[in-house]
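K.L.:
Here it is, the structure in full.
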There are 2 protein chains.
Amino acid sequence: MSDPSSSSSNAAQSIAKSAREAFEQSQLVDVSERDVALKAIKEVLEGKKEEILKANKEDMDAAEILLAQGKLSKSLVSRLDLSKLGKFENMLQGINDVSSLPIPTGQITFAKELGPGLDLHRVTCPIGVLLVIFEARPEVVVNIAALAIKSGNAAILKGGKESLKTSTILSNLIAEALGKTSIPSTFIQTVSTRSEISSLLAQDRYIDLVMPRGGNELVKNIQNNTRIPVMGHADGICAVYVDESAIEEKALRVVLESKTDYMAACNSAETLLIHKSLINTIWPKLASTLMSNNICLRCDPNTLSSIRNLKESSKFVTASTEEDYFTEFLGPTLAIKTVNSIEEAIKHINSHSSHHTDSIITENENSILNWFKGLDSANCFINASTRFADGTRYGLGTEVGISTGKTHARGPVGLDGLVIYKYILRSKNEIGSIIADYEKGENKYTHKDLIKGKSPF
Amino acid sequence: MSDPSSSSSNAAQSIAKSAREAFEQSQLVDVSERDVALKAIKEVLEGKKEEILKANKEDMDAAEILLAQGKLSKSLVSRLDLSKLGKFENMLQGINDVSSLPIPTGQITFAKELGPGLDLHRVTCPIGVLLVIFEARPEVVVNIAALAIKSGNAAILKGGKESLKTSTILSNLIAEALGKTSIPSTFIQTVSTRSEISSLLAQDRYIDLVMPRGGNELVKNIQNNTRIPVMGHADGICAVYVDESAIEEKALRVVLESKTDYMAACNSAETLLIHKSLINTIWPKLASTLMSNNICLRCDPNTLSSIRNLKESSKFVTASTEEDYFTEFLGPTLAIKTVNSIEEAIKHINSHSSHHTDSIITENENSILNWFKGLDSANCFINASTRFADGTRYGLGTEVGISTGKTHARGPVGLDGLVIYKYILRSKNEIGSIIADYEKGENKYTHKDLIKGKSPF
């Protein structure tokens with residue numbers, strides 16, 4: 001990815017520069033225009049439903065051929081399909097949902113009088129220009145465009161090549177709709193080739209944040225090739241730990257759902273840790289339930305030996321390898337390990353998981369406290385299914401993504417994850433304010449809290 | 001920096017891994033132990049003042065030779081000197097200052113009941129392991145160690161090679177002091193060579209954040225060589241814009257201090273923008289004042305022609321080049337440009353400055369609003385000296401650094417910049433909580449706000 005041709009490099013620079021210009025221009029527009037733009041986009045897309053579905057049909061036809069050749073997976077082709085019942089309407093409803101969220105910018109998060117007549121306010125503002133890279137689902141174009149507009153960020157989008165025709169028409173219609181509003185039509189742009197991405201990753205002067213919404217490989221590849229900050233989602237290697245004091249019914253319900261509800265999801269369990277005291281009590285029941293749901297169990301020696309005689313074990317149970325505990329199966333396989341203590345469970349998860357979501361089943365307050373303090377995961381759950389780790393379920397409104405990073409935003413990211421802040425320092429003194437007034441002792445720093453809700457202007 | 005030898009690579013991995021282990025171990029220790037550790041460090045350093053100053057003298061002697069050979073700058077050698085009046089005591093006082101700050105972790109920033117008996121809390125927590133790279137000043141070792149300990153982050157430090165002896169003894173004494181506390185002694189570690197840094201930058205499994213505290217080149221070099229997020233400080237190309245409605249005395253005071261108070265500082269002005277209407281009024285007075293303070297003026301044609309006949313102009317005034325407006329002079333040179341409007345001023349700054357700190361001199365409310373909305377800088381000032389951009393002056397407590405990035409933390413960064421958060425979801429239901437209870441309609445998401453101050457346990 002490091003040697004883009006100079007023509008795609010020039011094109012990338014021009015796209016990035018015009019995104020930056022659109023961003024700067026948009027900052028002077030009243031924030032209420034953001035919802036006007038969302039409404040305009042929704043109307044244009046509504047009116048062009050047939051054309052959009054026609055383009056999507058072309059993408060689907062091409063994808064079906066690749067599917068038949070074994071070059072695409074069935075799940076990818078399914079994600080591509082915009083004609084499925086309710087999917088188009090959900091996409092439009094998503095615009096309404098974003099529109100109904102509070103605007104995340106212009107919030108005062110810190111306000112202090114530094115000294116007489118000298119007020120400091122920290123005010124949330126957009127980050128600037130986002131570069132969002134995603135895979136098959138073409139409706140992401142609309143979703144990201146809506147989130148970017150609502151938060152005041154310009155965006156450059158790159159979808160999967162399989163959805164190119166759908167993404168292109170959606171993107172053109174968004175630009176058409178923006179053309180009728182005060183938001184510049186280059187506020188949302190789309191690029192279609194990988195070489196453009198390589199070149200865009202070099203545009204750290206114009207692009208402020210890269211958001212890859214794909215697998216671990218995509219994220220790592222991007223992190224290796226850019227100076228721009230990356231907000232990404234690596235693996236989802238989630239664990240459930242059944243503690244010594246666990247109640248059987250809680251363990252059964254939470255483990256079963258965490259593993260089987262939607263196995264391709266990043267917040268599904270891939271690892272199950274069992275306290276040694278439960279090896280002959282709760283564990284065999286858990287194993288039976290999992291096997292009756294067709295889950296293959298990769299067990300360490302302890303958990304394996306205690307279920308060896310269960311009826312279905314010969315079909316579903318094998319010995320685990322160390323590799324299994326680092327694996328995101330995304331399917332009907334679960335790695336199981338015995339631990340001697342909650343400390344060992346936490347240590348195992350911290351060193352094997354992807355710091356995404358992990359749940360403990362316990363009745364012990366001390367275990368809960370250790371779990372909360374010691375577990376280095378974005379989502380630390382207690383007696384709850386890992387499947388709750390989701391922006392909508394958290395009540396954050398539409399989700400930007402789930403971040404497995406440790407800076408800026410972590411876990412399910414709502415609109416808040418698309419803002420940063422500025423410090424506004426305003427002197428109301430007759431002769432302005434300089435630090436010499438303070439250093440010489442004429443004025444004293446007061447650092448008095450101001451009312452946060454009050455605008456600095 | 002990309003081909004470290006495998007021995008330094010192994011050493012780096014072992015340092016990074018032990019930092020991670022120290023971090024994880026420390027999470028189970030009560031937070032009050034952090035202040036105990038700070039006190040222990042202060043006591044040890046106090047008791048070993050003579051030995052520390054002896055090591056510093058050796059660094060200074062070596063540096064003086066390099067200074068005489070022209071291989072080091074005078075200002076760098078000056079920053080190295082820990083024996084200067086009050087400097088050692090200030091370093092120790094800094095530990096007290098950090099100790100007296102509130103602990104930034106364990107704060108609840110979001111709290112919602114998702115449904116009956118299912119409570120979600122977002123709680124601030126340390127980021128994890130920091131890698132901090134800095135230049136000459138050896139007392140930074142102590143400062144960063146204190147900030148890291150207070151915020152619960154383990155840290156690996158790399159100082160400038162000129163301060164190696166001082167950094168090493170400080171670091172050893174910190175480890176010695178930690179050895180007497182509940183915080184692991186590997187919580188703060190120091191490395192001394194560049195090749196170790198190259199290898200550490202590959203340890204994204206163990207290190208969560210890199211903080212280069214140096215120039216633009218250092219920051220870019222690091223960003224180019226790591227997948228780990230970087231919180232850095234690039235240039236400090238700051239501007240003052242004198243708007244049409246400016247009051248002369250405010251302009252004179254703010255411009256003069258912003259330029260001359262401490263020219264090597266990142267928050268000093270490097271560019272002066274003058275509204276065209278002031279070319280024959282305020283500008284000549286500003287120019288005289290600046291020249292009488294020995295500031296060389298690099299002027300565009302308009303500002304140049306109107307001061308051509310001033311007495312000292314032949315000595316101090318030259319024509320500017322486009323390059324000058326992108327330059328951090330860090331010395332007695334100022335680039336000056338005429339603009340036709342505030343919009344042009346904002347556009348110039350957004351495309352030339354380093355988004356650090358810029359100040360407008362104005363009496364016009366509309367200009368202030370445009371400045372606030374349109375200026376893409378961390379610190380947007382109104383009638384105030386750019387020198388106010390500083391964590392201590394802002395009342396943030398001891399400063400971690402100033403970030404010119406657009407994510408995580410921006411502008412002066414206090415302890416808050418060293419934390420992220422976890423989501424804690426706890427079910428108090430008799431049978432635990434699974435999403436099926438909600439999807440099937442037995443339960444409904446309530447998303448009711450909880451009291452933020454209340455602990456989830």
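Every chain in the structure tokens has a letter given in the order shown (A, B, ...), and although residue numbers restart at 1 in each chain, ligands are simply numbered from 1 in the order shown.
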Determine, counting only C-alpha atoms, which protein, DNA and RNA residues have an atom within 12 Å of an atom of Leu92 (chain A); residues of the same chain fewer than 5 positions away are not included. Present the result as a PyMOL selection string.

P.N.:
chain A and resi 38-49+82+86-87+97-99+139-143+145-146+170

K.L.:
Within 12 Å of Asn221 (chain A), counting only C-alpha atoms, which residues qualify if same-chain residues fewer than 6 places away don't, as a ChimeraX atom specification?

P.N.:
/A:1-2,197-198,201,212,214-215,230,232,234 /B:226-227

K.L.:
Write out, as a CSV table (one decimal), in the first residue's frame, the residues just selected, with C-alpha atoms.

P.N.:
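Ended up saving to again_38.csv:
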chain,number,residue,atom,x,y,z
A,1,MET,CA,0.0,0.0,0.0
A,2,SER,CA,3.0,2.3,0.2
A,197,ILE,CA,-7.3,4.7,0.1
A,198,SER,CA,-3.5,4.2,0.1
A,201,LEU,CA,-3.9,7.6,4.2
A,212,PRO,CA,-12.0,1.2,9.5
A,214,GLY,CA,-13.9,-4.3,9.2
A,215,GLY,CA,-11.7,-7.1,10.5
A,230,VAL,CA,-7.2,5.3,13.7
A,232,GLY,CA,-10.9,0.8,14.9
A,234,ALA,CA,-10.0,-5.3,16.0
B,226,THR,CA,4.1,2.5,15.2
B,227,ARG,CA,0.5,1.2,15.3

K.L.:
For chain B, which residues have at least one atom within 7 Å of chain A, if we go by only C-alpha atoms? Write them as a PyMOL selection string, please.

P.N.:
chain B and resi 24+27-28+114+127+208+223-224+226-227+229+249-250+254+257+370+373-374+377-385+387-388+394-395+406-408+410+420-427+431-435+447

K.L.:
Excluding Met60 (chain A) and residues on its chain fewer than 4 positions from it, collect all residues at most 12 Å away from it, counting only C-alpha atoms, and give them as a list in words.

P.N.:
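Residues near the query, excluding close chain neighbours: Leu53, Lys54, Ala55, Asn56, Glu64, Ile65, Leu66, Leu67, Leu72, Lys74, Leu76, Val77, Ser78, Arg79, Leu80, Asp81, Leu82, Ser83, Lys84, Ala136, Arg137, Pro138, Lys161, Glu162, Ser163, Leu164, Lys165 and Thr166 of chain A.
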
K.L.:
Next, the residues of the selection above should be written as an mmCIF file, in the first residue's frame with C-alpha atoms.

P.N.:
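Saved the output as out.cif:
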data_model
loop_
_atom_site.group_PDB
_atom_site.id
_atom_site.type_symbol
_atom_site.label_atom_id
_atom_site.label_comp_id
_atom_site.auth_asym_id
_atom_site.auth_seq_id
_atom_site.Cartn_x
_atom_site.Cartn_y
_atom_site.Cartn_z
ATOM 1 C CA LEU A 53 -32.685 -0.895 -5.815
ATOM 2 C CA LYS A 54 -31.881 -1.260 -9.504
ATOM 3 C CA ALA A 55 -28.223 -0.447 -8.855
ATOM 4 C CA ASN A 56 -28.288 -2.805 -5.890
ATOM 5 C CA GLU A 64 -24.298 -14.159 -6.907
ATOM 6 C CA ILE A 65 -21.932 -15.182 -9.668
ATOM 7 C CA LEU A 66 -18.933 -14.788 -7.350
ATOM 8 C CA LEU A 67 -20.831 -16.717 -4.692
ATOM 9 C CA LEU A 72 -17.683 -14.557 -1.934
ATOM 10 C CA LYS A 74 -23.071 -16.266 1.546
ATOM 11 C CA LEU A 76 -21.411 -11.192 2.605
ATOM 12 C CA VAL A 77 -23.863 -11.485 -0.277
ATOM 13 C CA SER A 78 -26.722 -11.387 2.193
ATOM 14 C CA ARG A 79 -25.372 -8.190 3.788
ATOM 15 C CA LEU A 80 -25.200 -6.622 0.323
ATOM 16 C CA ASP A 81 -28.918 -7.033 -0.373
ATOM 17 C CA LEU A 82 -30.866 -3.805 0.063
ATOM 18 C CA SER A 83 -34.104 -5.252 -1.314
ATOM 19 C CA LYS A 84 -34.744 -7.473 1.701
ATOM 20 C CA ALA A 136 -20.183 -5.024 2.161
ATOM 21 C CA ARG A 137 -23.284 -3.345 3.605
ATOM 22 C CA PRO A 138 -24.095 -0.431 1.273
ATOM 23 C CA LYS A 161 -16.040 -3.218 -4.071
ATOM 24 C CA GLU A 162 -18.983 -5.640 -4.126
ATOM 25 C CA SER A 163 -21.372 -2.804 -3.281
ATOM 26 C CA LEU A 164 -19.811 -0.266 -5.640
ATOM 27 C CA LYS A 165 -22.883 0.444 -7.787
ATOM 28 C CA THR A 166 -25.172 0.844 -4.772
#

K.L.:
CA of Asn153 (chain B) and CA of Leu131 (chain B) are how many Å apart?

P.N.:
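According to the coordinates, CA of Asn153 (chain B) and CA of Leu131 (chain B) are separated by 10.2 Å.
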
K.L.:
Enumerate as a PyMOL selection string all residues of region 12-184 of chain B assigned to strand (DSSP E or B) by DSSP on the backbone, naming them with the chain letters and numbers the document uses.

P.N.:
chain B and resi 108-115+118-126+129-134+154-158

K.L.:
Need to verify the contact set: Met291 (chain B), 10 Å, only C-alpha atoms, exclusion of same-chain residues closer than 4 positions in sequence. Can you return it as a list in words?

P.N.:
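Neighbouring residues, sequence-local ones excluded: Lys285, Leu286, Ala287, Ile295, Cys296, Leu297, Leu310, Lys311, Glu312, Ser313, Lys315, Phe316, Val317 and Pro332 of chain B.
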
K.L.:
May I have the residues within 12 Å of Thr318 (chain B) as a list in words, using only C-alpha atoms and disregarding those fewer than 3 positions away in the same chain?

P.N.:
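Listing them by chain and then by number gives Ile295, Cys296, Leu297, Arg298, Cys299, Asp300, Pro301, Thr303, Leu304, Ser305, Ile307, Arg308, Glu312, Ser313, Ser314, Lys315, Thr321, Asp324, Thr333, Leu334, Ala335 and Ile336 of chain B.
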
K.L.:
Okay, now the selection with N, CA and C atoms, as a compact mmCIF listing (two decimals), in the first residue's frame?

P.N.:
# COMPACT_ATOMS: atom_id res chain seq x y z
N ILE B 295 12.58 42.74 17.40
CA ILE B 295 11.93 41.69 16.61
C ILE B 295 12.08 42.01 15.12
N CYS B 296 12.57 41.02 14.36
CA CYS B 296 12.67 41.17 12.91
C CYS B 296 11.31 40.91 12.29
N LEU B 297 10.89 41.79 11.40
CA LEU B 297 9.56 41.70 10.81
C LEU B 297 9.67 41.26 9.35
N ARG B 298 9.01 40.17 9.02
CA ARG B 298 8.96 39.72 7.62
C ARG B 298 7.58 40.06 7.09
N CYS B 299 7.52 41.07 6.23
CA CYS B 299 6.23 41.68 5.88
C CYS B 299 5.79 41.37 4.46
N ASP B 300 4.47 41.28 4.28
CA ASP B 300 3.92 41.23 2.93
C ASP B 300 3.96 42.65 2.36
N PRO B 301 3.72 42.83 1.06
CA PRO B 301 3.91 44.16 0.45
C PRO B 301 3.16 45.28 1.16
N THR B 303 1.96 45.60 4.40
CA THR B 303 2.48 45.99 5.72
C THR B 303 3.90 46.54 5.59
N LEU B 304 4.61 46.07 4.57
CA LEU B 304 5.97 46.56 4.38
C LEU B 304 5.98 48.02 3.94
N SER B 305 5.14 48.33 2.97
CA SER B 305 5.21 49.69 2.41
C SER B 305 4.79 50.75 3.43
N ILE B 307 5.40 50.88 6.54
CA ILE B 307 6.37 51.17 7.62
C ILE B 307 7.78 51.39 7.06
N ARG B 308 7.85 51.48 5.75
CA ARG B 308 9.15 51.62 5.10
C ARG B 308 9.93 52.81 5.66
N GLU B 312 13.65 52.57 12.27
CA GLU B 312 14.43 51.34 12.42
C GLU B 312 14.15 50.27 11.36
N SER B 313 13.30 50.63 10.41
CA SER B 313 12.85 49.61 9.46
C SER B 313 14.00 49.00 8.67
N SER B 314 14.95 49.80 8.29
CA SER B 314 16.04 49.27 7.47
C SER B 314 16.76 48.13 8.21
N LYS B 315 16.77 48.22 9.53
CA LYS B 315 17.46 47.20 10.31
C LYS B 315 16.60 45.94 10.53
N THR B 321 8.30 35.61 2.67
CA THR B 321 8.04 34.59 1.65
C THR B 321 6.88 33.75 2.17
N ASP B 324 7.62 31.67 5.19
CA ASP B 324 7.63 32.28 6.53
C ASP B 324 6.33 32.02 7.30
N THR B 333 11.76 36.61 15.34
CA THR B 333 11.28 36.88 13.98
C THR B 333 9.77 36.69 13.95
N LEU B 334 9.09 37.57 13.24
CA LEU B 334 7.63 37.49 13.15
C LEU B 334 7.22 37.69 11.69
N ALA B 335 6.34 36.82 11.20
CA ALA B 335 5.84 36.94 9.82
C ALA B 335 4.53 37.73 9.86
N ILE B 336 4.41 38.74 8.99
CA ILE B 336 3.24 39.62 9.03
C ILE B 336 2.51 39.62 7.69

K.L.:
Could you check how far CA of Glu176 (chain A) sits from CA of Lys57 (chain A), in Å to one decimal?

P.N.:
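Straight-line distance from CA of Glu176 (chain A) to CA of Lys57 (chain A) works out to 21.9 Å.
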
K.L.:
Rounded to one decimal in Å, what is the spacing between CA of Ser353 (chain B) and CA of Met211 (chain B)?

P.N.:
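Between CA of Ser353 (chain B) and CA of Met211 (chain B) the gap works out to 21.5 Å.
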
K.L.:
My list of candidates is B:Val400, B:Thr271, B:Gln93, B:Phe88. Which is closest to Phe134 (chain B) when distances are computed with only C-alpha atoms?

P.N.:
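Closest to Phe134 (chain B) of all the choices is B:Val400.
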
K.L.:
Would you return as a ChimeraX atom specification the members of region 138-302 of chain B that DSSP assigns to helix (DSSP H, G or I) on this structure's backbone?

P.N.:
/B:140-151,161-179,185-187,194-200,216-224,248-260,276-278,282-292,301-302

K.L.:
Could you check the closest approach to Ser268 (chain A) for each of A:Leu200, A:Ile451, A:Ile188, A:Ile237 and tell me which residue wins, using only C-alpha atoms?

P.N.:
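The closest residue to Ser268 (chain A) is A:Ile237.
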